[in-house]
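The file protein-v9.txt contains compact mmCIF, C-alpha atoms and all ligand atoms:
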```txt
# COMPACT_ATOMS: atom_id res chain seq x y z
CA MET H 1 37.44 -65.66 -52.46
CA ALA H 2 34.18 -64.09 -53.68
CA ARG H 3 33.91 -60.42 -52.85
CA ILE H 4 30.47 -59.48 -51.58
CA CYS H 5 29.22 -55.90 -51.27
CA ILE H 6 26.27 -54.88 -49.14
CA TYR H 7 24.75 -51.83 -50.80
CA GLY H 8 22.65 -49.99 -48.18
CA ALA H 9 23.99 -51.01 -44.76
CA GLY H 10 20.90 -50.82 -42.53
CA SER H 11 18.94 -53.51 -40.68
CA ILE H 12 18.84 -56.15 -43.43
CA GLY H 13 22.22 -55.28 -44.96
CA CYS H 14 24.11 -55.29 -41.66
CA TYR H 15 22.43 -58.53 -40.56
CA ILE H 16 23.00 -60.54 -43.76
CA GLY H 17 26.43 -58.96 -44.32
CA GLY H 18 27.35 -59.63 -40.69
CA ARG H 19 26.38 -63.31 -40.96
CA LEU H 20 28.41 -63.67 -44.19
CA LEU H 21 31.41 -61.91 -42.67
CA ALA H 22 31.24 -63.95 -39.47
CA SER H 23 31.43 -67.16 -41.51
CA GLY H 24 34.52 -66.10 -43.44
CA SER H 25 33.19 -64.37 -46.57
CA GLY H 26 34.85 -61.21 -47.83
CA VAL H 27 32.27 -58.46 -47.25
CA ALA H 28 32.38 -54.71 -47.91
CA PHE H 29 29.56 -52.51 -46.59
CA VAL H 30 28.41 -49.35 -48.38
CA GLY H 31 26.16 -47.12 -46.32
CA ARG H 32 25.64 -43.76 -44.68
CA PRO H 33 28.37 -42.18 -42.52
CA ARG H 34 26.15 -42.43 -39.40
CA ILE H 35 26.16 -46.23 -39.69
CA GLY H 36 29.89 -46.18 -40.49
CA ASP H 37 30.48 -44.26 -37.23
CA GLU H 38 28.51 -46.85 -35.25
CA LEU H 39 30.40 -49.75 -36.78
CA SER H 40 33.81 -48.16 -36.35
CA GLU H 41 33.05 -47.45 -32.66
CA ARG H 42 31.21 -50.64 -31.69
CA GLY H 43 31.77 -53.19 -34.42
CA LEU H 44 28.82 -55.39 -35.39
CA THR H 45 26.78 -57.45 -32.94
CA ILE H 46 24.62 -59.99 -34.74
CA SER H 47 22.12 -62.31 -33.06
CA ASP H 48 19.12 -64.43 -33.94
CA TYR H 49 15.95 -65.86 -32.39
CA ARG H 50 17.63 -69.28 -31.99
CA GLY H 51 20.22 -67.86 -29.60
CA GLY H 52 22.93 -67.38 -32.24
CA HIS H 53 25.40 -64.57 -31.41
CA TRP H 54 28.27 -63.21 -33.46
CA GLN H 55 30.57 -60.34 -32.46
CA LEU H 56 32.66 -58.63 -35.13
CA PRO H 57 35.21 -56.07 -33.95
CA PRO H 58 35.58 -52.71 -35.76
CA SER H 59 38.87 -53.91 -37.26
CA ALA H 60 37.01 -56.74 -39.09
CA ILE H 61 34.57 -54.40 -40.84
CA ALA H 62 35.22 -52.77 -44.22
CA PHE H 63 32.79 -49.86 -44.43
CA SER H 64 32.59 -46.96 -46.86
CA SER H 65 30.09 -44.37 -48.02
CA ASP H 66 31.72 -44.29 -51.45
CA PRO H 67 29.72 -46.12 -54.19
CA ALA H 68 33.03 -46.87 -55.96
CA THR H 69 33.61 -49.51 -53.25
CA ALA H 70 31.22 -51.73 -55.21
CA ALA H 71 33.68 -51.84 -58.14
CA ALA H 72 35.57 -54.72 -56.52
CA ALA H 73 32.46 -56.83 -55.91
CA ASP H 74 31.52 -60.13 -57.55
CA LEU H 75 28.15 -60.11 -55.77
CA VAL H 76 26.16 -57.08 -54.61
CA LEU H 77 23.23 -57.34 -52.20
CA VAL H 78 21.03 -54.27 -52.56
CA THR H 79 19.35 -53.52 -49.25
CA VAL H 80 18.26 -49.90 -49.55
CA LYS H 81 14.59 -49.04 -49.04
CA SER H 82 12.54 -48.87 -52.26
CA ALA H 83 12.65 -45.07 -52.42
CA GLY H 84 16.44 -45.32 -52.70
CA THR H 85 16.58 -47.95 -55.47
CA ALA H 86 16.78 -45.61 -58.47
CA ALA H 87 19.68 -43.65 -56.94
CA ALA H 88 21.46 -46.87 -55.92
CA ALA H 89 20.97 -48.24 -59.46
CA ALA H 90 22.61 -45.16 -61.00
CA GLU H 91 25.54 -45.35 -58.54
CA LEU H 92 26.01 -49.08 -59.19
CA ALA H 93 25.86 -48.56 -62.97
CA ALA H 94 28.84 -46.24 -62.67
CA ALA H 95 30.77 -48.54 -60.35
CA LEU H 96 30.13 -52.22 -61.10
CA ARG H 97 32.22 -54.42 -63.34
CA PRO H 98 30.43 -56.27 -66.18
CA GLY H 99 29.31 -59.73 -65.10
CA ALA H 100 28.82 -58.86 -61.43
CA VAL H 101 25.72 -60.42 -59.86
CA VAL H 102 23.21 -58.20 -58.04
CA ILE H 103 20.43 -59.45 -55.74
CA SER H 104 17.66 -57.10 -54.62
CA PHE H 105 16.87 -58.15 -51.04
CA GLN H 106 14.03 -55.63 -50.83
CA ASN H 107 10.28 -55.74 -50.28
CA GLY H 108 7.83 -54.81 -53.03
CA LEU H 109 7.72 -56.07 -56.62
CA GLY H 110 9.56 -53.60 -58.81
CA ASN H 111 13.01 -52.98 -57.31
CA ALA H 112 14.88 -55.63 -59.32
CA GLU H 113 13.39 -54.23 -62.53
CA ILE H 114 14.66 -50.72 -61.68
CA LEU H 115 18.13 -52.16 -61.04
CA ARG H 116 17.99 -54.28 -64.22
CA ALA H 117 17.11 -51.26 -66.35
CA ALA H 118 20.29 -49.51 -65.17
CA LEU H 119 22.57 -52.58 -65.07
CA ALA H 120 22.41 -54.13 -68.54
CA ARG H 121 25.90 -55.70 -68.25
CA GLN H 122 25.27 -57.35 -64.88
CA THR H 123 22.93 -60.14 -63.73
CA VAL H 124 20.14 -58.76 -61.53
CA LEU H 125 18.03 -61.19 -59.50
CA GLU H 126 14.92 -60.73 -57.37
CA GLY H 127 15.43 -61.74 -53.74
CA MET H 128 13.12 -61.97 -50.74
CA VAL H 129 13.84 -61.69 -47.00
CA PRO H 130 11.03 -63.37 -45.05
CA PHE H 131 12.30 -62.55 -41.57
CA ASN H 132 12.28 -59.42 -39.46
CA VAL H 133 15.48 -57.75 -38.30
CA VAL H 134 15.40 -55.55 -35.21
CA ARG H 135 18.06 -52.92 -34.62
CA ARG H 136 18.73 -53.43 -30.93
CA GLY H 137 21.17 -50.55 -30.54
CA PRO H 138 24.22 -49.03 -32.26
CA GLY H 139 25.75 -51.74 -34.46
CA ALA H 140 23.44 -54.45 -33.06
CA PHE H 141 21.07 -56.33 -35.37
CA HIS H 142 18.83 -59.23 -34.36
CA GLN H 143 16.90 -61.68 -36.58
CA ALA H 144 13.55 -61.69 -34.80
CA SER H 145 11.61 -64.34 -36.71
CA GLU H 146 12.26 -67.43 -38.83
CA GLY H 147 12.47 -67.97 -42.59
CA LYS H 148 14.90 -68.63 -45.42
CA LEU H 149 16.22 -66.18 -47.98
CA GLU H 150 14.61 -66.74 -51.40
CA VAL H 151 16.03 -65.70 -54.74
CA ARG H 152 15.46 -66.11 -58.47
CA ALA H 153 17.38 -69.17 -59.74
CA SER H 154 20.38 -68.47 -61.97
CA PHE H 155 23.58 -70.29 -62.93
CA ASP H 156 25.36 -67.04 -62.09
CA LEU H 157 24.54 -67.66 -58.41
CA GLU H 158 26.52 -70.92 -58.27
CA PRO H 159 29.86 -69.38 -57.12
CA PHE H 160 28.15 -67.79 -54.09
CA LEU H 161 25.86 -70.55 -52.82
CA ALA H 162 28.51 -71.96 -50.48
CA ASN H 163 28.98 -68.53 -48.88
CA PHE H 164 25.31 -68.41 -47.90
CA ASP H 165 25.29 -72.06 -46.80
CA LYS H 166 28.31 -71.46 -44.56
CA ALA H 167 26.65 -68.37 -43.08
CA GLY H 168 23.59 -70.47 -42.14
CA LEU H 169 21.47 -68.47 -44.60
CA PRO H 170 20.99 -70.90 -47.49
CA LEU H 171 19.35 -69.48 -50.61
CA VAL H 172 16.09 -71.10 -51.67
CA ARG H 173 15.94 -70.71 -55.46
CA HIS H 174 12.85 -70.24 -57.65
CA LEU H 175 12.48 -70.06 -61.42
CA ASP H 176 9.62 -67.58 -61.00
CA MET H 177 9.86 -65.09 -58.13
CA LEU H 178 6.61 -63.21 -58.81
CA PRO H 179 4.40 -65.62 -56.78
CA VAL H 180 6.95 -65.43 -53.92
CA GLN H 181 7.07 -61.64 -54.07
CA TRP H 182 3.28 -61.37 -54.03
CA ALA H 183 3.05 -63.81 -51.11
CA LYS H 184 5.53 -61.65 -49.17
CA LEU H 185 3.66 -58.50 -50.20
CA LEU H 186 0.45 -59.93 -48.71
CA PHE H 187 2.28 -60.16 -45.35
CA ASN H 188 3.73 -56.71 -45.87
CA LEU H 189 0.20 -55.29 -46.04
CA ASN H 190 0.51 -55.48 -42.25
CA ASN H 191 3.45 -53.04 -42.35
CA ALA H 192 1.12 -50.05 -42.72
CA ILE H 193 -1.25 -51.34 -40.03
CA ASN H 194 1.66 -51.97 -37.67
CA ALA H 195 3.11 -48.52 -38.38
CA LEU H 196 -0.26 -46.83 -37.75
CA ALA H 197 -0.83 -48.90 -34.59
CA ASN H 198 2.60 -47.82 -33.29
CA GLN H 199 2.95 -51.12 -31.40
CA PRO H 200 5.33 -54.09 -31.63
CA LEU H 201 4.19 -56.69 -34.20
CA LYS H 202 3.49 -59.34 -31.55
CA GLU H 203 1.27 -57.01 -29.52
CA GLU H 204 -0.53 -55.71 -32.62
CA LEU H 205 -1.19 -59.15 -34.15
CA SER H 206 -2.43 -60.45 -30.79
CA GLN H 207 -5.43 -58.09 -31.12
CA LEU H 208 -8.42 -59.16 -33.20
CA ALA H 209 -9.30 -55.65 -34.41
CA TYR H 210 -5.87 -55.13 -36.03
CA ARG H 211 -5.97 -58.65 -37.49
CA ARG H 212 -9.37 -57.84 -39.02
CA CYS H 213 -7.77 -54.75 -40.62
CA LEU H 214 -5.09 -57.00 -42.14
CA ALA H 215 -7.71 -59.53 -43.26
CA LEU H 216 -9.57 -56.73 -45.08
CA ALA H 217 -6.39 -55.54 -46.85
CA GLN H 218 -5.32 -59.09 -47.77
CA SER H 219 -8.79 -60.18 -48.97
CA GLU H 220 -8.93 -57.16 -51.25
CA ALA H 221 -5.51 -58.02 -52.71
CA LEU H 222 -6.29 -61.75 -53.00
CA ALA H 223 -9.46 -61.06 -55.02
CA LEU H 224 -7.42 -58.95 -57.44
CA LEU H 225 -4.68 -61.58 -57.70
CA LYS H 226 -7.29 -64.23 -58.47
CA GLN H 227 -8.74 -62.09 -61.26
CA ALA H 228 -5.22 -61.49 -62.62
CA GLY H 229 -4.47 -65.24 -62.56
CA ILE H 230 -1.56 -64.82 -60.10
CA LYS H 231 -1.31 -67.55 -57.46
CA PRO H 232 0.79 -66.36 -54.50
CA ALA H 233 3.39 -68.86 -53.32
CA ARG H 234 2.86 -70.69 -50.04
CA LEU H 235 5.23 -69.15 -47.48
CA THR H 236 3.56 -70.69 -44.41
CA PRO H 237 1.89 -74.03 -43.65
CA LEU H 238 -1.39 -72.33 -44.69
CA PRO H 239 -2.05 -71.27 -48.31
CA ALA H 240 -2.30 -67.48 -48.74
CA ALA H 241 -6.07 -67.63 -49.33
CA TRP H 242 -6.67 -69.24 -45.91
CA ILE H 243 -4.86 -66.57 -43.97
CA PRO H 244 -7.65 -63.91 -43.83
CA PRO H 245 -10.17 -66.35 -42.24
CA VAL H 246 -7.51 -67.39 -39.71
CA LEU H 247 -6.77 -63.71 -38.93
CA ARG H 248 -10.48 -63.20 -38.16
CA LEU H 249 -10.51 -65.96 -35.51
CA PRO H 250 -10.89 -64.96 -31.84
CA ASP H 251 -7.56 -64.42 -30.05
CA ALA H 252 -7.31 -67.85 -28.37
CA LEU H 253 -8.10 -69.76 -31.58
CA PHE H 254 -5.75 -67.56 -33.59
CA ALA H 255 -2.95 -68.28 -31.13
CA LEU H 256 -3.60 -71.99 -31.77
CA LEU H 257 -3.93 -71.94 -35.59
CA GLY H 258 -1.96 -68.86 -36.60
CA GLY H 259 0.49 -69.00 -33.71
CA LYS H 260 3.52 -68.93 -36.05
CA MET H 261 2.71 -65.31 -36.91
CA LEU H 262 3.15 -64.50 -33.20
CA ALA H 263 6.51 -66.31 -32.99
CA ILE H 264 8.43 -63.08 -33.11
CA ASP H 265 10.62 -61.03 -30.78
CA PRO H 266 8.36 -58.91 -28.50
CA LEU H 267 10.20 -55.73 -29.58
CA ALA H 268 10.06 -56.31 -33.35
CA ARG H 269 8.14 -53.78 -35.46
CA SER H 270 7.60 -53.59 -39.22
CA SER H 271 10.22 -51.81 -41.32
CA MET H 272 7.52 -49.23 -42.15
CA SER H 273 7.07 -48.54 -38.44
CA ASP H 274 10.86 -48.04 -38.21
CA ASP H 275 10.61 -45.55 -41.09
CA LEU H 276 7.87 -43.51 -39.41
CA ALA H 277 9.85 -43.51 -36.16
CA ALA H 278 12.94 -42.24 -38.00
CA LYS H 279 10.82 -39.70 -39.97
CA ARG H 280 11.86 -41.30 -43.28
CA ALA H 281 9.63 -41.76 -46.34
CA THR H 282 8.00 -45.19 -46.10
CA GLU H 283 7.59 -47.95 -48.71
CA VAL H 284 3.78 -47.68 -48.69
CA ASP H 285 3.75 -46.75 -52.40
CA TRP H 286 5.73 -49.93 -53.18
CA ILE H 287 3.58 -52.21 -51.01
CA ASN H 288 -0.07 -51.09 -50.74
CA GLY H 289 0.65 -49.06 -53.90
CA GLU H 290 1.25 -52.32 -55.82
CA VAL H 291 -2.26 -53.48 -54.94
CA LEU H 292 -3.61 -50.18 -56.27
CA ARG H 293 -1.61 -50.56 -59.49
CA LEU H 294 -2.93 -54.11 -59.97
CA ALA H 295 -6.50 -52.89 -59.36
CA GLU H 296 -6.04 -50.12 -61.90
CA ARG H 297 -4.69 -52.59 -64.45
CA LEU H 298 -7.81 -54.72 -63.96
CA GLY H 299 -10.22 -51.77 -64.06
CA ARG H 300 -11.10 -52.34 -60.38
CA SER H 301 -10.66 -50.37 -57.17
CA ALA H 302 -8.86 -51.22 -53.91
CA PRO H 303 -10.41 -48.87 -51.34
CA VAL H 304 -8.94 -50.53 -48.21
CA ASN H 305 -5.35 -50.39 -49.45
CA ALA H 306 -5.96 -46.89 -50.84
CA ARG H 307 -7.13 -45.74 -47.40
CA LEU H 308 -4.11 -47.33 -45.70
CA ARG H 309 -1.80 -45.58 -48.14
CA THR H 310 -3.49 -42.22 -47.47
CA LEU H 311 -3.24 -42.72 -43.69
CA VAL H 312 0.47 -43.60 -43.90
CA HIS H 313 1.16 -40.58 -46.11
CA ALA H 314 -0.68 -38.41 -43.54
CA ALA H 315 1.49 -39.93 -40.79
CA GLU H 316 4.66 -39.21 -42.84
CA ALA H 317 3.61 -35.57 -43.15
CA SER H 318 2.64 -35.14 -39.50
CA ASP H 319 4.96 -34.02 -36.68
CA ALA H 320 3.15 -36.22 -34.16
CA ARG H 321 3.30 -40.00 -34.61
CA PRO H 322 -0.28 -41.41 -34.72
CA SER H 323 -1.24 -44.45 -32.64
CA TRP H 324 -4.46 -45.83 -34.09
CA THR H 325 -6.45 -48.22 -31.91
CA GLY H 326 -7.51 -51.41 -33.67
CA GLU H 327 -11.20 -50.46 -33.41
CA ALA H 328 -10.71 -46.96 -34.86
CA LEU H 329 -8.57 -48.25 -37.74
CA LEU H 330 -11.04 -51.04 -38.49
CA ALA H 331 -13.95 -48.57 -38.60
CA GLU H 332 -11.92 -46.36 -40.95
CA LEU H 333 -11.15 -49.25 -43.30
CA GLN H 334 -14.70 -50.64 -43.21
CA ALA H 335 -15.95 -47.20 -44.25
CA ALA H 336 -13.49 -46.98 -47.17
N1 LIG P 401 13.83 -54.41 -41.55
C1 LIG P 401 13.24 -55.57 -41.73
O1 LIG P 401 12.96 -56.31 -40.78
C2 LIG P 401 12.90 -56.05 -43.12
C3 LIG P 401 13.11 -55.25 -44.22
N2 LIG P 401 12.87 -55.77 -45.47
C4 LIG P 401 13.10 -54.96 -46.67
O2 LIG P 401 14.51 -54.85 -46.85
C5 LIG P 401 14.84 -53.59 -47.46
C6 LIG P 401 15.85 -52.87 -46.56
O3 LIG P 401 15.18 -52.56 -45.35
P1 LIG P 401 15.95 -52.12 -44.02
O4 LIG P 401 17.22 -52.84 -43.90
O5 LIG P 401 14.96 -52.20 -42.94
O6 LIG P 401 16.26 -50.58 -44.39
P2 LIG P 401 17.19 -49.56 -43.58
O7 LIG P 401 16.57 -48.22 -43.78
O8 LIG P 401 17.42 -50.04 -42.20
O9 LIG P 401 18.58 -49.66 -44.34
C7 LIG P 401 18.86 -49.12 -45.59
C8 LIG P 401 20.09 -48.25 -45.42
O10 LIG P 401 20.60 -47.94 -46.72
C9 LIG P 401 20.99 -46.56 -46.73
N3 LIG P 401 21.02 -46.10 -48.11
C10 LIG P 401 20.00 -45.72 -48.91
N4 LIG P 401 20.45 -45.38 -50.14
C11 LIG P 401 21.80 -45.55 -50.09
C12 LIG P 401 22.83 -45.34 -51.05
N5 LIG P 401 22.54 -44.92 -52.30
N6 LIG P 401 24.09 -45.60 -50.68
C13 LIG P 401 24.38 -46.03 -49.43
N7 LIG P 401 23.45 -46.24 -48.47
C14 LIG P 401 22.16 -45.99 -48.82
C15 LIG P 401 19.88 -45.92 -45.91
O11 LIG P 401 20.22 -44.60 -45.53
P3 LIG P 401 19.08 -43.45 -45.54
O12 LIG P 401 18.05 -43.88 -44.54
O13 LIG P 401 19.85 -42.22 -45.18
O14 LIG P 401 18.53 -43.42 -46.94
C16 LIG P 401 19.79 -46.90 -44.74
O15 LIG P 401 20.78 -46.63 -43.78
C17 LIG P 401 13.51 -52.84 -47.62
O16 LIG P 401 12.98 -53.03 -48.91
C18 LIG P 401 12.60 -53.52 -46.58
O17 LIG P 401 11.23 -53.44 -46.90
C19 LIG P 401 12.48 -57.05 -45.67
C20 LIG P 401 12.26 -57.88 -44.61
C21 LIG P 401 12.38 -57.42 -43.24
C1 LIG P 402 9.39 -59.35 -41.94
C2 LIG P 402 8.30 -58.33 -42.18
C3 LIG P 402 7.09 -59.02 -42.80
C4 LIG P 402 7.79 -57.83 -40.88
O1 LIG P 402 8.76 -57.32 -40.11
C5 LIG P 402 8.83 -57.29 -43.11
O2 LIG P 402 9.07 -57.62 -44.24
C6 LIG P 402 9.05 -55.86 -42.81
O3 LIG P 402 9.08 -55.44 -41.65
O4 LIG P 402 9.22 -55.10 -43.79
```

Please re-express this file's structure in structure tokens.
Amino acid sequence: MARICIYGAGSIGCYIGGRLLASGSGVAFVGRPRIGDELSERGLTISDYRGGHWQLPPSAIAFSSDPATAAAADLVLVTVKSAGTAAAAAELAAALRPGAVVISFQNGLGNAEILRAALARQTVLEGMVPFNVVRRGPGAFHQASEGKLEVRASFDLEPFLANFDKAGLPLVRHLDMLPVQWAKLLFNLNNAINALANQPLKEELSQLAYRRCLALAQSEALALLKQAGIKPARLTPLPAAWIPPVLRLPDALFALLGGKMLAIDPLARSSMSDDLAAKRATEVDWINGEVLRLAERLGRSAPVNARLRTLVHAAEASDARPSWTGEALLAELQAA
């Protein structure tokens, strides 16, 4: 039986690992002791937006905070936040056996490359998680929106495909992941807006002023991508370039045409909002920061994404969590 290691047991790691474990895969979780305590007291409760529910007792869960746990793995799913990738890469380099397969199920563009640089004797693949996972309480993780896991195609994945199929999380494979990663990053430009709004995603995206903020950030990125000759993949029925005009529609029309973006659990927030709530460093430098790096490469500027990054950094440094209204944030971004 393939041995799968979740490296960074948090929202995404516990959810995907929990689904794999519930369907009979051998899974070991590596994470922080606080998560280990939760899982050893409560076990794992996994659920999804379709009504799926899986309960795993503490006795079924192999959890450790020791990186050496990964030594036994055939497949490692890296699910730490981007700020933790370099450290995870160094730990995995010391632990993993040659030939192990590593998938980065992280947002941003550069995490797989950081892992690859440290893991020359393993296969490292870019992955993408399109859906949101809400932590509903200790040991309880809920998939709050739809979407399939996407990953760079490789023959080395073959031994594990059945594990994901059985778990109900089939892997969609792509020869080139960059267009997929950029398409996801365009959605993730909302992470900063959602974190600054301090509201659930559904509530935030139901308001025109916040959607106009997102349209500004996406339009800026799309213009740069066009100049760079990068065509983002189509992750929704609408091509990426049509999304900003749809975001700018009045609420009722948006609900009609962009309604899928509102098909999300009413409590779900972006992972960046979770980070601000937990007073952790966010991934803003790996999301909006990528737009700034692309702009720099092209000799252009990206003032809207630069302003969002500055505002998120200010929120990280502040004791009080900001709650920007849509109108105030829009005025700030329009003035950028
Ligand atoms: N949450 C979501 O809905 C979605 C998240 N994503 C992406 O998935 C990735 C994971 O996000 P998410 O699950 O929310 O993150 P979480 O912060 O919930 O989970 C990551 C966990 O890994 C732990 N960790 C970090 N470094 C190590 C290490 N070296 N060894 C062991 N444990 C470690 C973290 O601890 P500590 O905090 O102490 O560092 C944390 O508990 C991110 O790139 C995110 O953008 C993508 C789609 C949706
Ligand atoms: C799924 C999505 C786009 C929003 O929750 C996300 O990737 C995140 O929160 O980081």

In terms of all atoms listed in the file, the residue from H:Arg50, H:Arg135, H:Arg321, H:Lys166 at minimal distance from H:Lys279 is H:Arg321

Expected answer as a PyMOL selection string: all residues with atoms within 10 Å of (-10.5, -49.9, -40.2), all atoms listed in the file: chain H and resi 193+209-210+212-214+216-217+304+307-308+324-336

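The gap separating atom CA of H:Val151 from atom CA of H:Pro170 is 10.2 Å, in Å to one decimal.
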
Env. residues ligand LIG 402 (chain P) / 10 Å / all atoms listed in the file / as a PyMOL selection string: chain H and resi 12+81+106-108+128-134+143-147+184-192+194-195+200-201+261+264+268-274+283+287

For the atom pair atom CA of H:Ser206 and atom CA of H:Leu262, what is the interatomic distance in Å to one decimal place? 7.3 Å

Calculate how many Å separate atom CA of H:Arg97 from atom N4 of ligand LIG 401 (chain P), rounding to one decimal. 19.9 Å

Counting all atoms listed in the file, what is within 9 Å of H:Pro179, bar same-chain residues fewer than 5 positions away, as number ranges by chain? H: 184, 230-234

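With distances restricted to only C-alpha atoms, H:Asn198 is the closest residue to H:Leu267 from H:Asn198, H:Arg152, H:Ala94, H:Ala71.
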
Can you pull out every residue within 7 Å of H:Glu150, counting all atoms listed in the file, but drop anything in the same chain fewer than 2 positions away, and send it as a ChimeraX atom specification? /H:127-129,148,171-173

Could you give me stretch 171-186 of chain H completed to N, CA and C atoms, formatted as a PDB file, in the coordinates of the input?
```
ATOM      1  N   LEU H 171      20.263 -70.146 -49.677  1.00  0.00           N
ATOM      2  CA  LEU H 171      19.350 -69.480 -50.610  1.00  0.00           C
ATOM      3  C   LEU H 171      18.379 -70.498 -51.202  1.00  0.00           C
ATOM      4  N   VAL H 172      17.101 -70.270 -51.015  1.00  0.00           N
ATOM      5  CA  VAL H 172      16.090 -71.100 -51.670  1.00  0.00           C
ATOM      6  C   VAL H 172      15.844 -70.470 -53.039  1.00  0.00           C
ATOM      7  N   ARG H 173      16.005 -71.285 -54.113  1.00  0.00           N
ATOM      8  CA  ARG H 173      15.940 -70.710 -55.460  1.00  0.00           C
ATOM      9  C   ARG H 173      14.639 -71.057 -56.175  1.00  0.00           C
ATOM     10  N   HIS H 174      14.115 -70.073 -56.910  1.00  0.00           N
ATOM     11  CA  HIS H 174      12.850 -70.240 -57.650  1.00  0.00           C
ATOM     12  C   HIS H 174      13.021 -69.778 -59.084  1.00  0.00           C
ATOM     13  N   LEU H 175      12.428 -70.513 -60.013  1.00  0.00           N
ATOM     14  CA  LEU H 175      12.480 -70.060 -61.420  1.00  0.00           C
ATOM     15  C   LEU H 175      11.626 -68.804 -61.591  1.00  0.00           C
ATOM     16  N   ASP H 176      10.518 -68.732 -60.869  1.00  0.00           N
ATOM     17  CA  ASP H 176       9.620 -67.580 -61.000  1.00  0.00           C
ATOM     18  C   ASP H 176       9.453 -66.957 -59.610  1.00  0.00           C
ATOM     19  N   MET H 177       9.925 -65.731 -59.458  1.00  0.00           N
ATOM     20  CA  MET H 177       9.860 -65.090 -58.130  1.00  0.00           C
ATOM     21  C   MET H 177       8.550 -64.313 -57.915  1.00  0.00           C
ATOM     22  N   LEU H 178       7.786 -64.067 -58.979  1.00  0.00           N
ATOM     23  CA  LEU H 178       6.610 -63.210 -58.810  1.00  0.00           C
ATOM     24  C   LEU H 178       5.615 -63.779 -57.762  1.00  0.00           C
ATOM     25  N   PRO H 179       5.316 -65.094 -57.804  1.00  0.00           N
ATOM     26  CA  PRO H 179       4.400 -65.620 -56.780  1.00  0.00           C
ATOM     27  C   PRO H 179       4.968 -65.481 -55.360  1.00  0.00           C
ATOM     28  N   VAL H 180       6.303 -65.588 -55.240  1.00  0.00           N
ATOM     29  CA  VAL H 180       6.950 -65.430 -53.920  1.00  0.00           C
ATOM     30  C   VAL H 180       6.854 -63.971 -53.472  1.00  0.00           C
ATOM     31  N   GLN H 181       7.116 -63.071 -54.415  1.00  0.00           N
ATOM     32  CA  GLN H 181       7.070 -61.640 -54.070  1.00  0.00           C
ATOM     33  C   GLN H 181       5.654 -61.207 -53.673  1.00  0.00           C
ATOM     34  N   TRP H 182       4.654 -61.725 -54.395  1.00  0.00           N
ATOM     35  CA  TRP H 182       3.280 -61.370 -54.030  1.00  0.00           C
ATOM     36  C   TRP H 182       2.911 -61.960 -52.664  1.00  0.00           C
ATOM     37  N   ALA H 183       3.366 -63.192 -52.415  1.00  0.00           N
ATOM     38  CA  ALA H 183       3.050 -63.810 -51.110  1.00  0.00           C
ATOM     39  C   ALA H 183       3.652 -62.978 -49.983  1.00  0.00           C
ATOM     40  N   LYS H 184       4.895 -62.502 -50.203  1.00  0.00           N
ATOM     41  CA  LYS H 184       5.530 -61.650 -49.170  1.00  0.00           C
ATOM     42  C   LYS H 184       4.773 -60.334 -49.064  1.00  0.00           C
ATOM     43  N   LEU H 185       4.361 -59.786 -50.223  1.00  0.00           N
ATOM     44  CA  LEU H 185       3.660 -58.500 -50.200  1.00  0.00           C
ATOM     45  C   LEU H 185       2.354 -58.600 -49.401  1.00  0.00           C
ATOM     46  N   LEU H 186       1.694 -59.761 -49.492  1.00  0.00           N
ATOM     47  CA  LEU H 186       0.450 -59.930 -48.710  1.00  0.00           C
ATOM     48  C   LEU H 186       0.746 -59.788 -47.220  1.00  0.00           C
TER      49      LEU H 186
END
```
